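Undergrad: Sharing a structure here in structure tokens format.
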Amino acid sequence: MNITFVSPSGSSAFEVFAGGNRRTIQSEEWMSLNTDSVTPPPVRHPNQIQDACLSPDSDKIWALPPPAMKDFSNSIVAGTEILTYWNFRRALPLDNRLVTAGGRSVVLQEREAEKLRKMISGEDDDAVLIKGLYPRVWRVLGKGDPVREISTNQFVDCSFKLNALNTSQPWWSVGCGVNVKLNSGDNIFWEQCKDTGSGPEIILISSEVATGAFAQFSKIVGGLTGMYVAYILAIGTFIRGMTSNLVTKIPHQDLPCTRRLTALCEDIYVMRNAGEHLLEERLYWLLIRIYRSPTVLFEFTRTERGDAEPERPQRRFIEH
């Protein structure tokens, strides 16, 4: 997670919080998360809903040289934007492992900017609350970056505090929570990650993706869309191969009588076993000439009666 302050003119940007090295991710039941959604999202497995909690303290020391510190203090005015980004590295799919969820930009008001300036200068050490910093629930798709879950309109409120300002190793801490309306009508500030220090929290609803051999094949053909196209093309090619050019196969597959052809093939094998290779070669080329000429093949496969209708098994009548 990265939180950055951007000046109104866009000429300067300062990253104040970087978290994620210390985190807990666990599956949770939807109703225990206290979202404002009436119905849970449609998922097949409970572990598709995960709650991620980060440590409230930044993973990086926030130390700026005096000129940069002066510019940062001067940039904290009404109109300064706060940008929040979540970067996720996942195991699957193989061609889309790193995704980014970007929250909306929050614009500081004069009262909030004044409190932040006093904190940076050391005049006040109280935390500054910023409301609606980023959406709480995100849907992680099988392809592409996560999108905000439309079934809930819940945003996370976070308080910023600069710790150990006059030391050589200052750092920012961010405590987050959401406003939840109880059944009694009262509003409470709910901290889902209270056990881990009430740091930044995000809820992820993961989509199902291909695994195993399907994941490797998906990477080769370019994702689920490529798998679908390859599957349709394979099935279409197989069916087309079975049903196309049937007319050209009739002279060679629907023969009336194959006794003479079978006898000729057996004579070829007999000559080969007897060592008569010259005679074997003559019989072989005779068979090739028969198949090369449809007329000769037709005459060679007539029935004993001389007609072209296929022979059918004769019924045997048993006398009692």
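Each chain in the structure tokens gets a letter, A, B and so on, in the order shown; residues start at 1 in every chain, and ligands are counted from 1 in the order they appear.
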Counting only C-alpha atoms, what is within 12 Å of Leu297 of chain A, bar same-chain residues fewer than 2 positions away, as a count of residues only?

TA: 26

Undergrad: Identify all residues of segment 72-190 of chain A in alpha helix (DSSP H) (DSSP on the backbone) and supply them as a ChimeraX atom specification.

TA: /A:72-75,110-121

Undergrad: Need the shell around Leu165 of chain A: protein/DNA/RNA residues with any atom at most 8 Å away, counting only C-alpha atoms. Skip same-chain ones fewer than 3 positions apart. Format as a list in words?

TA: Ile120, Gly122, Leu162, Gln169, Pro170 and Trp171 of chain A

Undergrad: I need the residues in segment 47-113 of chain A that are strand (DSSP E) according to DSSP; give them as a PyMOL selection string.

TA: chain A and resi 49-54+81-89+98-102+106-107

Undergrad: Skipping near chain neighbours, those fewer than 6 positions away, what residues fall within 12 Å of Arg44 of chain A using only C-alpha atoms, listed as a PDB file with C-alpha atoms, in the first residue's frame?

TA:
```
ATOM      1  CA  ILE A 205     -13.390 -10.834  -3.426  1.00  0.00           C
ATOM      2  CA  SER A 206     -11.339 -13.069  -5.711  1.00  0.00           C
ATOM      3  CA  SER A 207     -12.662 -14.576  -8.931  1.00  0.00           C
ATOM      4  CA  GLU A 208     -11.954 -18.191  -9.820  1.00  0.00           C
TER       5      GLU A 208
END
```

Undergrad: Need to verify the contact set: segment 143-160 of chain A, 6 Å, only C-alpha atoms, exclusion of same-chain residues closer than 2 positions in sequence. Can you return it as a list of chain:residue names?

TA: A:Asp36, A:Ser37, A:Val99, A:Thr100, A:Ala101, A:Ala127, A:Val128, A:Leu129, A:Ile130, A:Lys131, A:Gly132, A:Leu133, A:Tyr134, A:Pro135, A:Arg136, A:Val137, A:Trp138, A:Arg139, A:Val140, A:Leu141, A:Val174, A:Gly175, A:Cys176, A:Gly177, A:Val178

Undergrad: So how far away is atom CA of Ile232 of chain A from atom CA of Leu246 of chain A, in Å?

TA: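 Spanning atom CA of Leu246 of chain A to atom CA of Ile232 of chain A is a straight-line distance of 22.4 Å.
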
Undergrad: Would you mind listing what lies within 7 Å of segment 77-85 of chain A as a VMD selection string, with only C-alpha atoms counted and same-chain residues fewer than 3 positions away left out?

TA: chain A and resid 1 to 8 100 to 110 113 134

Undergrad: Go through segment 4-76 of chain A and flag each residue having an atom no more than 8 Å from segment 190-201 of chain A; for those, report the closest pair of atoms plus their distance in Å to one decimal, using only C-alpha atoms, ordered by chain and rising number, as CSV.

TA:
```
residue,atom,partner,partner_atom,distance
A:Leu33,CA,A:Gln192,CA,7.1
A:Asp51,CA,A:Glu201,CA,7.2
A:Ala52,CA,A:Glu201,CA,5.6
A:Cys53,CA,A:Glu201,CA,4.6
A:Leu54,CA,A:Gly199,CA,5.3
A:Ser55,CA,A:Gly199,CA,5.1
A:Pro56,CA,A:Gly199,CA,3.8
A:Asp57,CA,A:Gly199,CA,7.6
```

Undergrad: Export, as a JSON list (two decimals), in the first residue's frame, the selected residues with N, CA, C and O atoms.

TA:
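What ended up in result25.json:
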```
[["chain", "number", "residue", "atom", "x", "y", "z"],
["A", 33, "LEU", "N", -17.89, -8.99, 8.51],
["A", 33, "LEU", "CA", -17.07, -7.85, 8.11],
["A", 33, "LEU", "C", -17.76, -6.51, 8.29],
["A", 33, "LEU", "O", -17.13, -5.47, 8.11],
["A", 51, "ASP", "N", -9.87, -10.86, 4.00],
["A", 51, "ASP", "CA", -9.70, -9.57, 4.67],
["A", 51, "ASP", "C", -8.21, -9.38, 4.94],
["A", 51, "ASP", "O", -7.58, -10.22, 5.59],
["A", 52, "ALA", "N", -7.64, -8.30, 4.40],
["A", 52, "ALA", "CA", -6.21, -8.01, 4.54],
["A", 52, "ALA", "C", -6.02, -6.85, 5.50],
["A", 52, "ALA", "O", -6.63, -5.79, 5.34],
["A", 53, "CYS", "N", -5.17, -7.05, 6.51],
["A", 53, "CYS", "CA", -4.86, -6.02, 7.49],
["A", 53, "CYS", "C", -3.36, -5.75, 7.47],
["A", 53, "CYS", "O", -2.55, -6.69, 7.51],
["A", 54, "LEU", "N", -2.99, -4.49, 7.40],
["A", 54, "LEU", "CA", -1.59, -4.09, 7.41],
["A", 54, "LEU", "C", -1.22, -3.49, 8.76],
["A", 54, "LEU", "O", -2.08, -3.07, 9.53],
["A", 55, "SER", "N", 0.06, -3.46, 9.02],
["A", 55, "SER", "CA", 0.54, -2.82, 10.23],
["A", 55, "SER", "C", 0.28, -1.31, 10.13],
["A", 55, "SER", "O", 0.44, -0.71, 9.06],
["A", 56, "PRO", "N", -0.10, -0.66, 11.22],
["A", 56, "PRO", "CA", -0.37, 0.79, 11.14],
["A", 56, "PRO", "C", 0.88, 1.63, 10.91],
["A", 56, "PRO", "O", 0.78, 2.77, 10.45],
["A", 57, "ASP", "N", 2.06, 1.09, 11.20],
["A", 57, "ASP", "CA", 3.31, 1.83, 11.03],
["A", 57, "ASP", "C", 3.91, 1.56, 9.66],
["A", 57, "ASP", "O", 3.92, 0.42, 9.17]]
```

Undergrad: List the spatial neighbours of Asn21 of chain A as a compact mmCIF listing (two decimals) with C-alpha atoms, in the first residue's frame - criterion: any atom at most 7 Å away, only C-alpha atoms, same-chain residues fewer than 2 positions off excluded.

TA:
```txt
# COMPACT_ATOMS: atom_id res chain seq x y z
CA GLY A 19 3.00 -0.76 3.99
CA ARG A 23 0.33 -8.04 7.01
CA ASP A 59 7.67 0.06 6.50
```
